[in-house]
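Asker: Sharing a structure, written as structure tokens. Questions coming.
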Amino acid sequence: MVIGSRAVDRLGALAGDTSVDPVARTAALRALEGIGDERALDMALSAAGDAHDGVAVAAVGVVRTFLAGSHDLRAVDALTAIALDRRLGDCVREAALRALGDLEPATLNPVLEALLTDPSARLRTAARGTAAPSAADEPAAGDTWLAQDAADVPDDPSRVRRALSRNGSRIALPRLHHLIERVREREQKAAGERRREWMRARATAHVALATRGSRLAIYDLRESLDAAKDPLPVEFLAALTMVGDASCLEPLAGAYARAASEAGAKPRIQDWWHRHLADAFQAIVAREAMTRRHAVAKKIDKRWPDAFRELWP
């Protein structure tokens, strides 16, 4: 199996092949977004003008990951051009605008001003709702560590969770991703109820990312489902429902099958978990416009036929 950075060339070729089904090309771009290899930027820039809006939006998601790093200027220029290009679909342009939402006012405001008079009502509304960061948007005094790249996570999971809940919409996406990694490290070193508290803090960070349409940490959502021996905090499923893709369906089906086999142990808890897993699974299938012919669907049907019959919408 070719994984990680070694898969970039193959995924890029798949994403750029217009003869391939758009669902598969979209999935390839989502995979590139999760890998974060710098070669993916050029691949995504080529796909951003694709005739299929789903592919183009996925390409915007890849470009967004380069807003912090050595290629940030190219990423900003590309996203700005997409947001202002009236030839593109509204959903693609809006995705580019949302991606630019973390920029400094000096960079973002000219784009917003241009879009306020755009012929598209959808873009005008999006521009009015995309406020540039200001001093008033900075985290409260006790939460300033959230925005400091070098700052470590406080050793208090409840405080971390509250701070993320209050300020998640104001934190730069790469910083949120970094915080998920740091919180997971704390979680792995903890035990019992404290471990569960750290898990809830990590789930809150996932919701903050998902609310802004980012799939930067989708790999962590998948791994959490695969490793789950007990029901996860509901925020994990909320994030999956918002940004999960086809790669999340197999872990969801596996967790659903395990929940079904353990339903007699804690019936009320397992029933809650069961229903939310099904809701997340079906939301992803609908958003990705998947059919039973999709390779992931066939794999799930073969491995967990009973779960597949119950889950498939």
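In the structure tokens, chains take letters A, B, ... by order of appearance, with residues numbered from 1 within each chain and ligands from 1 in the order shown.
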I'd like the contact shell of stretch 54-58 of chain A - 6 Å cut-off, only C-alpha atoms, skipping same-chain residues fewer than 6 positions apart - returned as a list in words.
Answerer: Thr26, Leu29, Ala47, Ala48 and Val92 of chain A
Asker: Those residues with N, CA and C atoms, as a CSV table (one decimal), in the first residue's frame please?
Answerer:
chain,number,residue,atom,x,y,z
A,26,THR,N,-12.4,14.1,-6.2
A,26,THR,CA,-12.6,14.8,-5.0
A,26,THR,C,-12.0,14.1,-3.8
A,29,LEU,N,-8.2,14.6,-3.8
A,29,LEU,CA,-7.9,16.0,-3.3
A,29,LEU,C,-8.0,16.0,-1.8
A,47,ALA,N,-6.5,22.0,-10.2
A,47,ALA,CA,-7.9,21.5,-10.1
A,47,ALA,C,-8.9,22.5,-9.6
A,48,ALA,N,-8.4,23.7,-9.1
A,48,ALA,CA,-9.3,24.7,-8.6
A,48,ALA,C,-10.3,25.3,-9.6
A,92,VAL,N,-17.7,27.5,-5.0
A,92,VAL,CA,-16.2,27.5,-5.1
A,92,VAL,C,-15.7,28.8,-4.6
Asker: Quick one: everything within 8 Å of A:Leu84, counting only C-alpha atoms, minus sequence neighbours fewer than 2 positions away in the same chain. Send it as a count of residues only.
Answerer: 8
Asker: Using only C-alpha atoms, which protein or nucleic acid residues come within 12 Å of A:Val160? Drop anything in the same chain fewer than 4 positions from it, and give the result as a JSON list (two decimals) with C-alpha atoms, in the first residue's frame.
Answerer:
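Result file out.json:
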[["chain", "number", "residue", "atom", "x", "y", "z"],
["A", 142, "GLY", "CA", -6.76, 34.38, 30.25],
["A", 143, "ASP", "CA", -6.83, 32.63, 26.87],
["A", 144, "THR", "CA", -4.03, 34.44, 25.04],
["A", 145, "TRP", "CA", -1.97, 31.22, 24.96],
["A", 146, "LEU", "CA", -4.36, 29.95, 22.28],
["A", 152, "ASP", "CA", 2.16, 25.17, 25.42],
["A", 153, "VAL", "CA", -1.25, 23.84, 26.41],
["A", 154, "PRO", "CA", -2.15, 24.54, 30.07],
["A", 155, "ASP", "CA", -2.29, 21.45, 32.28],
["A", 156, "ASP", "CA", -6.03, 21.77, 32.85],
["A", 164, "LEU", "CA", -11.49, 26.49, 22.70],
["A", 165, "SER", "CA", -15.26, 26.71, 22.95],
["A", 166, "ARG", "CA", -15.10, 30.50, 23.47],
["A", 167, "ASN", "CA", -12.41, 31.30, 20.93],
["A", 168, "GLY", "CA", -12.37, 28.49, 18.35],
["A", 176, "LEU", "CA", -5.95, 24.80, 15.94],
["A", 179, "LEU", "CA", -3.45, 22.34, 19.53],
["A", 180, "ILE", "CA", -5.20, 19.09, 18.60],
["A", 182, "ARG", "CA", -0.68, 18.81, 21.76],
["A", 183, "VAL", "CA", -3.95, 17.93, 23.49],
["A", 186, "ARG", "CA", -1.69, 15.08, 27.05],
["A", 197, "GLU", "CA", -11.53, 15.28, 29.96],
["A", 198, "TRP", "CA", -8.57, 15.73, 27.63],
["A", 199, "MET", "CA", -10.50, 13.82, 24.95],
["A", 200, "ARG", "CA", -13.42, 16.24, 25.32],
["A", 201, "ALA", "CA", -11.01, 19.16, 24.90],
["A", 202, "ARG", "CA", -9.65, 17.60, 21.71],
["A", 203, "ALA", "CA", -13.20, 17.05, 20.45],
["A", 204, "THR", "CA", -13.98, 20.74, 21.03],
["A", 205, "ALA", "CA", -10.99, 21.71, 18.90]]
Asker: Please, which residues of stretch 72-133 of chain A, numbered as in this document, come out helix (DSSP H, G or I) from DSSP, as a ChimeraX atom specification?
Answerer: /A:72-84,90-102,105-115,121-129
Asker: Distance table requested - stretch 167-210 of chain A against stretch 236-256 of chain A, cut-off 7 Å, only C-alpha atoms: one row per qualifying residue with the closest atom pair and its distance in Å to one decimal, ordered by chain and rising residue number, as a Markdown table.
Answerer:
| residue | atom | partner | partner_atom | distance |
| --- | --- | --- | --- | --- |
| A:Ala203 | CA | A:Phe236 | CA | 5.3 |
| A:His206 | CA | A:Ala239 | CA | 6.0 |
| A:Val207 | CA | A:Ala239 | CA | 5.0 |
| A:Ala210 | CA | A:Ala239 | CA | 5.3 |
Asker: Grab the residues selected above and save them as a compact mmCIF listing (two decimals), in the first residue's frame with C-alpha atoms.
Answerer:
# COMPACT_ATOMS: atom_id res chain seq x y z
CA ALA A 203 -13.20 17.05 20.45
CA HIS A 206 -12.27 19.41 16.14
CA VAL A 207 -15.64 21.17 16.18
CA ALA A 210 -15.14 21.64 11.28
Asker: Between A:Leu103, A:Ala295, A:Cys91, A:Leu97, which one has atoms that come closest to A:Gly129, using only C-alpha atoms?
Answerer: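 Smallest distance to A:Gly129 is found for A:Leu97.
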Asker: Do you know which residues are at most 9 Å from A:Ala68 counting only C-alpha atoms, after dropping those on the same chain fewer than 5 positions away, and could you put them as a list of chain:residue names?
Answerer: A:Ala75, A:Leu173, A:Pro174
